[in-house]
Amino acid sequence: MFIFNWVTIAITAVAGLFGFVLTRRFVARRLRFVDAIYNPAAPFFIAALAMLISWPISILPLVSATASAFFGIGAGLGTASGVKALRRGTAVTR
């Protein structure tokens with residue numbers, strides 16, 4: 001039972017980190033010319049959308065709804081970070 005809890009915590013942390021890295025790279029590479037991404041509400045919209053899309057995966061035994069929420073939060077923070085990098089001109093676009 002103890003190992004099950006640690007695995008669940010690890011999956012939750014990886015989901016949040018994966019959401020952050022995935023969306024930051026996507027914003028920097030693909031959405032740099034899309035004006036809508038510069039809207040201040042875009043990170044909140046992306047976070048809610050990512051959470052809703054990943055929510056059905058919480059049916060799996062080791063994945064909880066918390067992992068879905070962390071994925072959404074990571075995606076929102078990644079979007080905000082990617083937009084910030086684009087504005088500063090430090091985004092890696094290769």
# chains A, B, ... in the order shown; residues from 1 in each chain; ligands from 1
$ residues_around --residues "Val83 (chain A)" --least-positions-apart "2" --cutoff "9 Å" --atoms "only C-alpha atoms" --output "ChimeraX atom specification"
/A:24,27-28,32,37-38,78-81,85-88,91
$ residues_around --residues "region 45-58 of chain A" --least-positions-apart "6" --cutoff "8 Å" --atoms "only C-alpha atoms" --output "list in words"
Ser64, Ala65, Ala67, Ser68, Ala69, Phe70, Phe71, Gly72, Ile73, Gly74, Ala75, Gly76, Leu77 and Thr79 of chain A
$ atom_distance --atom1 "CA of Gly16 (chain A)" --atom2 "CA of Leu62 (chain A)"
15.1 Å
$ select_by_dssp --residues "chain A" --states "helix (DSSP H, G or I)" --output "PyMOL selection string"
chain A and resi 2-29+35-38+42-59+65-88
$ closest_residue --among "A:Leu22, A:Val63, A:Ala42, A:Leu31" --to "Ala10 (chain A)" --atoms "only C-alpha atoms"
A:Val63
$ atom_distance --atom1 "CA of Ala41 (chain A)" --atom2 "CA of Phe20 (chain A)"
16.9 Å
$ atom_distance --atom1 "CA of Val7 (chain A)" --atom2 "CA of Gly19 (chain A)"
18.1 Å
